[in-house]
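Have a look at the structure below before the remarks.
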Amino acid sequence: MTRVFNEEGRSIPVTVIEAGPCTVLQKKTADQEGYDAIQVGFMEKKASRLNKPEAGHVKRSGGKGFYHVREFRVADSAAYELGQQIAVAEILNIGDKVHISGKSKGKGFQGVFRRYGFAGGKATHGSMFHRAPGSIGCSAWPSRVFKGKRLPGRMGNFLKTQKNLTVVDIRNDDNLLLVEGSVPGSRNGLITIFTKE
């Protein structure tokens with residue numbers, strides 16, 4: 001994250017995103033697959049790092065391999081060509097609202113203090129109740145712990161979507177997109193940008 005200044009001199013916190021260029025690797029049509037979609041690749045990799053199935057898959061689209069390959073539904077896949085480069089300026093304009101999805105930061109296995117902000121017990125002499133969750137269920141009935149009970153477990157590393165982020169600037173020469181506010185995930189994480197419809 002960084003900040004930019006608008007015409008009035010107001011500081012706007014922004015996240016700088018490398019958005020593309022993405023290359024069309026495959027087209028899927030309603031006649032063959034039952035739906036229209038395109039498969040795109042991002043972050044080119046050396047040809048020597050491609051295994052034979054990957055090299056065969058990208059042969060018709062120019063032979064370049066990519067570290068990240070994703071499929072997106074489109075209204076008409078015939079509007080795209082194999083090997084076509086999709087730039088961010090072709091899709092978005094300054095001032096547009098976008099939704100951004102990504103994996104949130106993983107924090108590992110955490111207790112109820114960190115995970116849910118429980119208060120815990122007294123820290124006085126003789127107390128045996130400090131960071132534990134406390135009583136979690138009944139005895140004879142229901143003789144089990146109800147689903148959804150807040151207990152220790154894995155924290156973070158789940159898909160999160162930040163909605164209605166404003167596009168502040170587009171730098172097409174560097175394929176950079178500046179959106180107001182924060183986006184899910186850590187630095188250099190992979191995200192998906194959706195246009196608001």
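In the structure tokens, each chain is lettered A, B, ... as it comes, each chain's residues begin at 1, and ligands are numbered from 1 in order of appearance.
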
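The protein and nucleic acid residues lying at most 9 Å from Thr192 of chain A are His99, Ile100, Ser101 and Gly102 of chain A, with only C-alpha atoms considered and sequence neighbours fewer than 3 positions away removed.
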
Could you take the residues named above and write them with N, CA and C atoms, as a short mmCIF file (atom, residue, chain, number, x, y, z; two decimals), in the first residue's frame?
```cif
data_model
loop_
_atom_site.label_atom_id
_atom_site.label_comp_id
_atom_site.auth_asym_id
_atom_site.auth_seq_id
_atom_site.Cartn_x
_atom_site.Cartn_y
_atom_site.Cartn_z
N HIS A 99 -14.81 -5.33 -7.40
CA HIS A 99 -14.74 -6.27 -6.28
C HIS A 99 -13.43 -7.03 -6.43
N ILE A 100 -12.72 -7.24 -5.33
CA ILE A 100 -11.43 -7.94 -5.37
C ILE A 100 -11.46 -9.10 -4.39
N SER A 101 -11.16 -10.30 -4.90
CA SER A 101 -11.14 -11.51 -4.08
C SER A 101 -9.72 -12.03 -3.95
N GLY A 102 -9.41 -12.59 -2.79
CA GLY A 102 -8.11 -13.18 -2.56
C GLY A 102 -8.10 -13.96 -1.27
#
```

Quiz item: DSSP on the backbone: what in segment 12-194 of chain A comes out alpha helix (DSSP H), as an MDAnalysis selection string?
Solution: chainID A and resid 52:57 112:116

Practice problem: For Met155 of chain A, list every protein, DNA or RNA residue within 9 Å, evaluated using only C-alpha atoms, and leave out those in the same chain fewer than 6 positions away; present the list as an MDAnalysis selection string. | Solution: chainID A and resid 105:110 114:115

Output file for the selection above: C-alpha atoms, as a PDB file, in the first residue's frame:
```pdb
ATOM      1  CA  LYS A 105      -3.319 -13.923   5.454  1.00  0.00           C
ATOM      2  CA  GLY A 106      -2.877 -17.316   7.108  1.00  0.00           C
ATOM      3  CA  LYS A 107      -2.173 -17.156  10.848  1.00  0.00           C
ATOM      4  CA  GLY A 108      -2.018 -20.857  11.639  1.00  0.00           C
ATOM      5  CA  PHE A 109      -3.687 -22.658  14.541  1.00  0.00           C
ATOM      6  CA  GLN A 110      -4.773 -20.069  17.112  1.00  0.00           C
ATOM      7  CA  ARG A 114      -6.414 -14.414  19.278  1.00  0.00           C
ATOM      8  CA  ARG A 115      -9.128 -15.919  17.120  1.00  0.00           C
TER       9      ARG A 115
END
```

Practice problem: Give me the residues within 10 Å of Glu44 of chain A as a PyMOL selection string, counting only C-alpha atoms and dropping any in the same chain fewer than 6 places off. | Solution: chain A and resi 21-23+64-68

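Between atom CA of Gly20 of chain A and atom CA of Glu33 of chain A the interatomic distance comes to 26.3 Å.
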
Practice problem: Find the residues near Val74 of chain A: any atom within 8 Å, counting only C-alpha atoms, skip ones fewer than 6 places away on the same chain, and give them as a list in words. | Solution: Asp36, Ala37 and Ile38 of chain A

Exercise. Mind listing the strand (DSSP E or B) residues of chain A, per DSSP on the backbone, as a VMD selection string?
Key: chain A and resid 2 to 5 11 to 18 22 to 28 37 to 45 65 to 73 85 to 86 97 to 103 108 to 110 153 to 155 159 to 171 176 to 180 191 to 195

File dump, residues just selected, C-alpha atoms, as an mmCIF file, in the first residue's frame:
```cif
data_model
loop_
_atom_site.group_PDB
_atom_site.id
_atom_site.type_symbol
_atom_site.label_atom_id
_atom_site.label_comp_id
_atom_site.auth_asym_id
_atom_site.auth_seq_id
_atom_site.Cartn_x
_atom_site.Cartn_y
_atom_site.Cartn_z
ATOM 1 C CA THR A 2 0.963 3.612 -0.544
ATOM 2 C CA ARG A 3 -0.840 6.891 -1.004
ATOM 3 C CA VAL A 4 -1.554 9.379 -3.758
ATOM 4 C CA PHE A 5 -2.854 12.927 -3.659
ATOM 5 C CA SER A 11 -4.248 11.936 0.713
ATOM 6 C CA ILE A 12 -5.855 8.749 -0.632
ATOM 7 C CA PRO A 13 -4.612 5.361 0.669
ATOM 8 C CA VAL A 14 -4.246 3.009 -2.297
ATOM 9 C CA THR A 15 -3.126 -0.531 -3.041
ATOM 10 C CA VAL A 16 -0.888 -0.958 -6.086
ATOM 11 C CA ILE A 17 -1.842 -4.060 -8.083
ATOM 12 C CA GLU A 18 0.021 -5.570 -11.028
ATOM 13 C CA CYS A 22 -3.108 -11.708 -19.188
ATOM 14 C CA THR A 23 -2.895 -13.975 -22.237
ATOM 15 C CA VAL A 24 -5.837 -15.957 -23.618
ATOM 16 C CA LEU A 25 -4.819 -19.640 -23.630
ATOM 17 C CA GLN A 26 -8.111 -21.378 -24.420
ATOM 18 C CA LYS A 27 -11.659 -20.546 -25.479
ATOM 19 C CA LYS A 28 -14.650 -22.560 -24.320
ATOM 20 C CA ALA A 37 -15.492 -18.941 -21.008
ATOM 21 C CA ILE A 38 -11.872 -18.063 -21.621
ATOM 22 C CA GLN A 39 -8.785 -19.431 -19.918
ATOM 23 C CA VAL A 40 -6.104 -16.838 -19.223
ATOM 24 C CA GLY A 41 -2.521 -17.060 -18.010
ATOM 25 C CA PHE A 42 -0.643 -14.593 -15.822
ATOM 26 C CA MET A 43 3.048 -14.316 -14.910
ATOM 27 C CA GLU A 44 5.026 -15.878 -17.721
ATOM 28 C CA LYS A 45 7.436 -18.721 -16.980
ATOM 29 C CA GLY A 65 3.699 -20.932 -20.235
ATOM 30 C CA PHE A 66 2.371 -19.181 -17.133
ATOM 31 C CA TYR A 67 2.567 -19.683 -13.393
ATOM 32 C CA HIS A 68 -1.098 -18.842 -12.853
ATOM 33 C CA VAL A 69 -3.895 -20.106 -15.104
ATOM 34 C CA ARG A 70 -7.550 -19.234 -14.418
ATOM 35 C CA GLU A 71 -10.858 -19.572 -16.241
ATOM 36 C CA PHE A 72 -13.463 -16.804 -16.429
ATOM 37 C CA ARG A 73 -17.015 -16.885 -17.769
ATOM 38 C CA GLN A 85 -3.137 -9.950 -24.540
ATOM 39 C CA ILE A 86 -5.749 -8.477 -22.216
ATOM 40 C CA LYS A 97 -16.032 0.293 -8.736
ATOM 41 C CA VAL A 98 -14.528 -3.209 -8.532
ATOM 42 C CA HIS A 99 -14.744 -6.274 -6.284
ATOM 43 C CA ILE A 100 -11.433 -7.938 -5.374
ATOM 44 C CA SER A 101 -11.139 -11.512 -4.077
ATOM 45 C CA GLY A 102 -8.106 -13.176 -2.556
ATOM 46 C CA LYS A 103 -6.886 -15.505 0.170
ATOM 47 C CA GLY A 108 -2.018 -20.857 11.639
ATOM 48 C CA PHE A 109 -3.687 -22.658 14.541
ATOM 49 C CA GLN A 110 -4.773 -20.069 17.112
ATOM 50 C CA GLY A 153 -8.629 -23.681 15.214
ATOM 51 C CA ARG A 154 -7.093 -22.498 11.979
ATOM 52 C CA MET A 155 -7.217 -18.743 11.558
ATOM 53 C CA LEU A 159 -11.275 -16.616 0.441
ATOM 54 C CA LYS A 160 -12.336 -13.055 1.148
ATOM 55 C CA THR A 161 -13.903 -10.451 -1.148
ATOM 56 C CA GLN A 162 -13.506 -6.714 -0.663
ATOM 57 C CA LYS A 163 -16.379 -4.975 -2.448
ATOM 58 C CA ASN A 164 -16.898 -1.589 -4.093
ATOM 59 C CA LEU A 165 -13.281 -0.431 -4.244
ATOM 60 C CA THR A 166 -12.749 2.670 -6.393
ATOM 61 C CA VAL A 167 -10.159 2.668 -9.182
ATOM 62 C CA VAL A 168 -8.000 5.742 -8.459
ATOM 63 C CA ASP A 169 -5.453 5.432 -11.280
ATOM 64 C CA ILE A 170 -4.466 3.121 -14.152
ATOM 65 C CA ARG A 171 -0.862 3.033 -15.352
ATOM 66 C CA LEU A 176 -0.546 -1.179 -12.659
ATOM 67 C CA LEU A 177 -3.926 -0.594 -11.082
ATOM 68 C CA LEU A 178 -4.337 1.673 -8.053
ATOM 69 C CA VAL A 179 -7.480 1.047 -5.981
ATOM 70 C CA GLU A 180 -8.574 2.962 -2.917
ATOM 71 C CA ILE A 191 -6.058 -11.787 -6.403
ATOM 72 C CA THR A 192 -9.031 -11.765 -8.775
ATOM 73 C CA ILE A 193 -10.615 -8.495 -9.900
ATOM 74 C CA PHE A 194 -14.323 -8.416 -10.831
ATOM 75 C CA THR A 195 -16.093 -5.498 -12.438
#
```

Exercise. Work out how far atom CA of Leu190 of chain A is from atom CA of Gly83 of chain A, in Å to one decimal.
Key: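 Taking atom CA of Gly83 of chain A and atom CA of Leu190 of chain A, their separation equals 21.6 Å.
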
Quiz prompt | Between atom CA of Ala79 of chain A and atom CA of Gly56 of chain A, distance in Å (one decimal) | solution = 23.5 Å

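Comparing the minimum interatomic distances between Met1 of chain A and each of A:Lys196, A:Arg187, A:Ile91, A:Trp141, counting only C-alpha atoms, we find that A:Arg187 sits nearest.
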